[in-house]
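The next block holds one structure in the form of structure tokens; read it before the comments.
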Amino acid sequence: MMRTFYFTMMLTIVICLNAACSPPEVDTVEEVELKVLYASKAAFQSDFHNLIQAKLPNVNIQVIEFQQIFTPGRDRTDSFIAFIKEQRPDLIAIPNDVPGLYSKLVKQDLLEPLDGRIGKDAFDLEALMPGPVEQLRSAGDGSLFALPLTFTGDALFYNKELFDEHGIPYPSDGMTFAEIMQLAQRFAGLKDTFGYSEVYQSKGSLVLQAGHSENLIWLDAAGKKVLFNTDGWRSVLTRIADTLSTGVVFDTAAQLDPSKKQNSLTLDPFLKGKSAMTIANLEYMQNLQKDSFQWGLASEPINPVKPTVSRSLQPSKTIGISRQSAHAETAWQALAFMNSDEAARLRSRVADELPSDLPVRTAFISNERWEPFYRLEADAAKWTSFNSLIEYFTPVLTGIIDNEIARTLSQEQTIDQALHNIEHMAAIKWNEQLQARGDK
């Protein structure tokens, strides 16, 4: 692609100017081939290839792509672990869409511990955004086995023009999800305009999102009993049902036609200027760059129990060194450089498009619009507390809530009946899952 060619040429020029085209000092002149497991060859080429070639000219990079790993019907974590044991890559980019993978890699002793190398080379961890580092350290029982290069998180996007047109104050940082829903209701009664929408959202996911933002749980501490018929969930279900009944929330899932291949983005009213608010990550911003309406950002909704902590912030591009690597020292040189001030500075000079995630080196933030994504702290226990059963069960629970809240909105049943049915049916499905895993 012309953009990739241009990016590569510009990167080479910048590196040459920066280093006077002389090769940097390295620990060895011996040719070394590093196998790097990464999302794709094109992604690595764009992100790091020329940087590493200029800094470590003795290193040849062989990129292994994720797409070879995952096959339908097979557990993604098991597939990933089996693949790296067979292919023995030196550097491993850990996909953040496989929940719990990092912890499993640590527990199975498949990643090289980094704290010794960080101390020996005086690698400056203080220059990194602390949250993603803390999350990785917490998931590694206090030790670091990978470095975060980027992170992802959500923010509240809002359509300034719709707020101005109807004389409604803009949303602000520090709002709870309940307050955002109250603000959305101020757009009730408008034709073809919604107070709130979200890509991939359904009635059930909206209920769970509201409940989690208020620190509610649907499973007891022992992981055995479903708890949904409670005062807390009654309050949430009542409020969400009331909000949905006004028509101010766009139900994306209900608009999808299963007989057609549809992209939720094509239905998204926020992108069309027809929704006042949505919650999304940085990648969503790419869809807004050419739109005509004026929009703004506030921090994502907070949990009032933990008002400074983000529910979504987590490492996105995370790279570790394989315990099986025969070139661990060279792999560390490459990894340390990839996450250095020098590399961040060079990349910020030649970046010609909006990235899909955010740099952990905050000194090189190149777009002031990104700032709301940095306002909340990371939840250090986010990766540590991961439960794979809950992760895989959540879509089932969402579907159950979808059906029951729809019946409530059509006045086929009361809120109390909906709560009872959700808890009863979820308990049956949860117990089936426990039995399938072998739990009693």
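Just remember, in the structure tokens the first chain shown is A, the second B, etc., residues are 1-based per chain, and ligands are 1-based in the order shown.
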
Name the residues of range 26-74 of chain A that come out as strand (DSSP E) in a backbone DSSP run; write them as a ChimeraX atom specification. /A:32-38,59-65

Write out as a PyMOL selection string the residues lying within 10 Å of Gln67 in chain A, counting only C-alpha atoms and excluding same-chain residues fewer than 5 positions away. chain A and resi 38-40

Residues from last step as file, N, CA, C and O atoms, as a PDB file, in the first residue's frame:
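As a result, again_0.pdb now contains:
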ATOM      1  N   TYR A  38       3.142 -11.962  16.439  1.00  0.00           N
ATOM      2  CA  TYR A  38       2.498 -10.645  16.381  1.00  0.00           C
ATOM      3  C   TYR A  38       1.176 -10.765  15.629  1.00  0.00           C
ATOM      4  O   TYR A  38       0.923 -11.779  14.961  1.00  0.00           O
ATOM      5  N   ALA A  39       0.347  -9.730  15.715  1.00  0.00           N
ATOM      6  CA  ALA A  39      -0.975  -9.782  15.074  1.00  0.00           C
ATOM      7  C   ALA A  39      -0.866 -10.078  13.583  1.00  0.00           C
ATOM      8  O   ALA A  39      -1.598 -10.912  13.049  1.00  0.00           O
ATOM      9  N   SER A  40       0.051  -9.378  12.907  1.00  0.00           N
ATOM     10  CA  SER A  40       0.248  -9.614  11.476  1.00  0.00           C
ATOM     11  C   SER A  40       1.605  -9.052  11.068  1.00  0.00           C
ATOM     12  O   SER A  40       2.181  -8.203  11.764  1.00  0.00           O
TER      13      SER A  40
END

Quick one, how far is CA of Lys429 in chain A from CA of Thr238 in chain A?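 CA of Thr238 in chain A lies at a distance of 24.0 Å from CA of Lys429 in chain A.
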
Determine, counting only C-alpha atoms, which protein, DNA and RNA residues have an atom within 12 Å of an atom of Val36 in chain A; residues of the same chain fewer than 5 positions away are not included. Present the result as a PDB file with C-alpha atoms, in the first residue's frame.
ATOM      1  CA  LYS A  41       3.369  -8.996   9.417  1.00  0.00           C
ATOM      2  CA  ALA A  43       1.179  -4.517  11.660  1.00  0.00           C
ATOM      3  CA  PHE A  44       4.697  -5.280  12.859  1.00  0.00           C
ATOM      4  CA  GLN A  45       6.202  -3.677   9.746  1.00  0.00           C
ATOM      5  CA  PHE A  48       8.458  -1.548  14.743  1.00  0.00           C
ATOM      6  CA  HIS A  49      10.331  -3.305  11.937  1.00  0.00           C
ATOM      7  CA  VAL A  59      18.920  -8.761  14.192  1.00  0.00           C
ATOM      8  CA  ASN A  60      16.732 -10.359  11.546  1.00  0.00           C
ATOM      9  CA  ILE A  61      13.033 -10.474  12.399  1.00  0.00           C
ATOM     10  CA  GLN A  62      10.771 -13.352  11.416  1.00  0.00           C
ATOM     11  CA  VAL A  63       7.125 -12.483  12.138  1.00  0.00           C
ATOM     12  CA  ILE A  64       4.654 -15.245  12.968  1.00  0.00           C
ATOM     13  CA  GLU A  65       1.014 -14.168  12.649  1.00  0.00           C
ATOM     14  CA  PHE A  66      -1.832 -14.780  15.112  1.00  0.00           C
ATOM     15  CA  ILE A  84       4.056 -21.120  21.208  1.00  0.00           C
ATOM     16  CA  GLN A  87       6.862 -22.653  17.258  1.00  0.00           C
ATOM     17  CA  ARG A  88       9.099 -21.337  20.079  1.00  0.00           C
ATOM     18  CA  PRO A  89       8.948 -17.598  19.270  1.00  0.00           C
ATOM     19  CA  ASP A  90      11.443 -15.342  21.041  1.00  0.00           C
ATOM     20  CA  LEU A  91       9.082 -12.391  21.526  1.00  0.00           C
ATOM     21  CA  ILE A  92       5.397 -12.954  22.205  1.00  0.00           C
ATOM     22  CA  ALA A  93       2.739 -10.295  21.677  1.00  0.00           C
ATOM     23  CA  ILE A  94      -0.131 -11.335  23.942  1.00  0.00           C
ATOM     24  CA  ILE A 319       4.941  -8.166  24.682  1.00  0.00           C
ATOM     25  CA  GLY A 320       6.974 -10.664  26.667  1.00  0.00           C
ATOM     26  CA  ILE A 321      10.017 -12.865  26.113  1.00  0.00           C
ATOM     27  CA  SER A 322       9.534 -16.600  25.790  1.00  0.00           C
ATOM     28  CA  SER A 325      14.007 -18.335  23.670  1.00  0.00           C
ATOM     29  CA  HIS A 327      18.233 -15.402  22.282  1.00  0.00           C
ATOM     30  CA  ALA A 331      15.049 -10.291  22.594  1.00  0.00           C
ATOM     31  CA  ALA A 334      14.604  -5.413  21.062  1.00  0.00           C
ATOM     32  CA  LEU A 335      11.751  -5.239  23.576  1.00  0.00           C
TER      33      LEU A 335
END

Rounded to one decimal, what separation in Å do you get between CA of Ile240 in chain A and CA of Asp154 in chain A?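 Going from CA of Ile240 in chain A over to CA of Asp154 in chain A covers 21.0 Å.
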